[in-house]
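K.L.:
Take a look at this one; I'll ask things after.
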2 protein chains.
Amino acid sequence: MTEPTALDRLIEALRCMPGIGRKSAQRIAYHLLQRDRQGGLRLATALGEAMDKVGHCNRCRTFSETDICPLCASNRRDRSLLCVVESPADVYAIEDAEYQGLYFVLMGHLSPLDGIGPEELGLERLSAILDEGEIKEVILATNTTVEGEATAHYIGEMVKKRQLRVTRIAHGVPMGGELEYVGSNTILHALAGRREF
Amino acid sequence: MTEPTALDRLIEALRCMPGIGRKSAQRIAYHLLQRDRQGGLRLATALGEAMDKVGHCNRCRTFSETDICPLCASNRRDRSLLCVVESPADVYAIEDAEYQGLYFVLMGHLSPLDGIGPEELGLERLSAILDEGEIKEVILATNTTVEGEATAHYIGEMVKKRQLRVTRIAHGVPMGGELEYVGSNTILHALAGRREF
């Protein structure tokens with residue numbers, strides 16, 4: 001048990017995944033070896049392939065295997081609407097809500113201390129898209145964190161300069177959410193954003 | 001977005017791991033693509049290698065890349081002591097407790113309904129080891145589940161037939177455990193197993 005075995009190396013390598021500590025990595029390795037070697041081999045192939053092939057869409061910056069992602073290339077989307085989100089996971093979430101416009105994926109948020117400025121978020125690319133003249137409205141759907149709000153503000157200013165409509169998704173009590181379990185900050189937003197009934 | 005992309009295939013393949021659902025798989029895939037492609041590639045290699053190379057020790061049945069695992073092959077272990085456990089993870093746990101004897105790894109427990117009988121647990125192999133005459137004591141360290149207890153009982157009978165010493169690890173209140181949070185069944189064992197102080 002001196003130099004690491006293939007099993008030791010597997011347990012160590014599994015820890016590159018977020019949320020997987022030593023114990024979980026061990027459990028996963030044992031499970032695959034004992035019950036699902038086919039699954040383990042499929043995962044090895046899928047990982048190699050994805051790490052190798054998946055790049056970014058040249059237009060909206062989301063993950064894509066092609067220069068332009070299928071969503072940007074589609075002719076069935078409303079090309080006057082652009083939704084700005086922080087990550088590809090947000091695209092999935094919004095697609096589920098039957099949104100029909102296009103996206104721009106920042107792949108992060110402004111975070112000067114981490115060296116993430118407008119350039120890292122591809123805002124020049126966003127400027128170029130806005131200047132094409134097709135977009136009529138930009139929907140800001142960054143997260144409600146301090147960084148997400150700052151990013152929304154920065155992009156909002158960029159859009160306003162071009163005399164385009166810019167909106168922020170509504171914040172309030174989530175559907176099915178119970179008032180007593182919602183934070184006061186959310187209630188503050190829900191009250192401020194109240195509408196005629 | 002019609003046929004699955006490399007990213008879709010990766011997310012699907014990640015779900016072969018126990019405890020990883022769709023959301024976690026997505027988060028892991030994005031994390032690797034965005035922040036740790038090297039880690040993803042290392043994991044692909046480690047998986048392929050482990051699934052391919054790791055087999056079982058011909059003697060104790062634990063995972064091993066060699067016919068006989070390093071523990072069984074070592075000449076620094078007490079070869080008169082054999083600890084019977086359900087899984088290789090148990091071996092790791094007991095090694096941490098500075099145990100010096102050998103192991104026998106059942107790779108499961110008796111479970112007739114799932115078709116797991118003495119043969120599937122390698123008990124013929126265990127008989128052969130006992131018949132070699134080196135072992136003086138067998139320590140039963142199967143889990144305290146119904147199946148684990150039944151398995152311990154079955155193996156206990158095998159050992160007794162050979163006039164060898166057979167022991168079961170102690171069950172009681174865990175070290176650092178607080179009495180009020182320990183189940184009544186554990187306390188029952190702790191009381192029954194009490195010793196002079």
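Each chain of the structure tokens is named A, B, ... in the order shown, its residues numbered from 1; ligands are numbered from 1 in display order.
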Can you tell me, as a list in words, which residues in stretch 25-158 of chain A count as strand (DSSP E or B) by DSSP?
P.N.:
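Put together, the selection reads Gly55, His56, Phe63, Ser64, Asp78, Arg79, Ser80, Leu81, Leu82, Cys83, Val84, Val85, Gly101, Leu102, Tyr103, Phe104, Val105, Ser111, Ile116, Glu137, Val138, Ile139 and Leu140 of chain A.
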K.L.:
Give me, as a VMD selection string, the residues of chain B touching chain A, with the criterion being at most 8 Å (counting only C-alpha atoms).
P.N.:
chain B and resid 1 5 to 7 9 to 10 13 to 14 16 to 18 26 to 28 30 to 33 36 to 37 39 to 51 53 to 54 65 70 to 71 88 to 89
K.L.:
Would you mind telling me which residue in A:Met175, A:Thr66, A:Arg59, A:Val146 lies nearest to A:Leu130 when using only C-alpha atoms?
P.N.:
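Closest to A:Leu130 of all the choices is A:Arg59.
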K.L.:
Report the residues of stretch 154-196 of chain A whose backbone DSSP state falls under alpha helix (DSSP H), written as a list in words.
P.N.:
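Taking stretch 154-196 of chain A and keeping alpha helix (DSSP H) gives Tyr154, Ile155, Gly156, Glu157, Met158, Val159, Lys160, Ser184, Asn185, Thr186, Ile187, Leu188, His189, Ala190, Leu191 and Ala192 of chain A.
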K.L.:
Write out the residues from the selection above, keeping C-alpha atoms, as a PDB file, in the first residue's frame.
P.N.:
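Done, and the output landed in part.pdb:
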ATOM      1  CA  TYR A 154     -23.897  47.810 -15.345  1.00  0.00           C
ATOM      2  CA  ILE A 155     -25.556  46.061 -18.290  1.00  0.00           C
ATOM      3  CA  GLY A 156     -28.742  48.100 -17.768  1.00  0.00           C
ATOM      4  CA  GLU A 157     -26.732  51.289 -18.316  1.00  0.00           C
ATOM      5  CA  MET A 158     -25.197  49.843 -21.501  1.00  0.00           C
ATOM      6  CA  VAL A 159     -28.655  49.088 -22.890  1.00  0.00           C
ATOM      7  CA  LYS A 160     -30.228  52.418 -21.899  1.00  0.00           C
ATOM      8  CA  SER A 184     -38.004  39.853   4.872  1.00  0.00           C
ATOM      9  CA  ASN A 185     -35.910  41.092   1.953  1.00  0.00           C
ATOM     10  CA  THR A 186     -38.090  39.098  -0.447  1.00  0.00           C
ATOM     11  CA  ILE A 187     -41.234  40.485   1.180  1.00  0.00           C
ATOM     12  CA  LEU A 188     -39.779  43.988   0.814  1.00  0.00           C
ATOM     13  CA  HIS A 189     -39.458  43.332  -2.939  1.00  0.00           C
ATOM     14  CA  ALA A 190     -42.901  41.726  -3.102  1.00  0.00           C
ATOM     15  CA  LEU A 191     -44.492  44.787  -1.493  1.00  0.00           C
ATOM     16  CA  ALA A 192     -42.557  47.308  -3.577  1.00  0.00           C
TER      17      ALA A 192
END
K.L.:
Please measure the separation of atom CA of B:Cys72 and atom CA of B:Leu102, giving the value in Å to one decimal.
P.N.:
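Result for atom CA of B:Cys72 versus atom CA of B:Leu102: 6.6 Å, one decimal.
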K.L.:
Please determine, counting only C-alpha atoms, which residue among B:Glu147, B:Glu132, B:Cys57, B:Gly101 has the shortest atom-to-atom distance to B:Asn75.
P.N.:
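Among the listed residues, the smallest separation from B:Asn75 belongs to B:Gly101.
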K.L.:
Quick one: everything within 8 Å of A:Leu121, counting only C-alpha atoms, minus sequence neighbours fewer than 5 positions away in the same chain. Send it as number ranges by chain.
P.N.:
A: 106-110, 116
K.L.:
Can you write just those residues out, N, CA and C atoms, as a PDB file, in the first residue's frame?
P.N.:
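Listing of selection-v4.pdb after writing:
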ATOM      1  N   LEU A 106     -23.452  35.300 -19.434  1.00  0.00           N
ATOM      2  CA  LEU A 106     -22.254  36.002 -18.961  1.00  0.00           C
ATOM      3  C   LEU A 106     -21.150  35.038 -18.518  1.00  0.00           C
ATOM      4  N   MET A 107     -21.522  33.831 -18.131  1.00  0.00           N
ATOM      5  CA  MET A 107     -20.556  32.875 -17.567  1.00  0.00           C
ATOM      6  C   MET A 107     -19.901  33.461 -16.320  1.00  0.00           C
ATOM      7  N   GLY A 108     -20.724  34.087 -15.479  1.00  0.00           N
ATOM      8  CA  GLY A 108     -20.226  34.667 -14.242  1.00  0.00           C
ATOM      9  C   GLY A 108     -20.915  35.990 -13.957  1.00  0.00           C
ATOM     10  N   HIS A 109     -20.331  36.775 -13.081  1.00  0.00           N
ATOM     11  CA  HIS A 109     -20.850  38.101 -12.780  1.00  0.00           C
ATOM     12  C   HIS A 109     -19.663  39.018 -12.481  1.00  0.00           C
ATOM     13  N   LEU A 110     -19.896  40.326 -12.535  1.00  0.00           N
ATOM     14  CA  LEU A 110     -18.820  41.274 -12.237  1.00  0.00           C
ATOM     15  C   LEU A 110     -18.297  40.987 -10.840  1.00  0.00           C
ATOM     16  N   ILE A 116     -12.717  39.752 -12.406  1.00  0.00           N
ATOM     17  CA  ILE A 116     -13.753  39.542 -13.421  1.00  0.00           C
ATOM     18  C   ILE A 116     -14.444  40.860 -13.723  1.00  0.00           C
TER      19      ILE A 116
END
K.L.:
Could you state the separation of atom CA of B:Thr151 and atom CA of B:Pro118 in Å, given to one decimal place?
P.N.:
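One can read the atom CA of B:Thr151 to atom CA of B:Pro118 distance as 8.9 Å.
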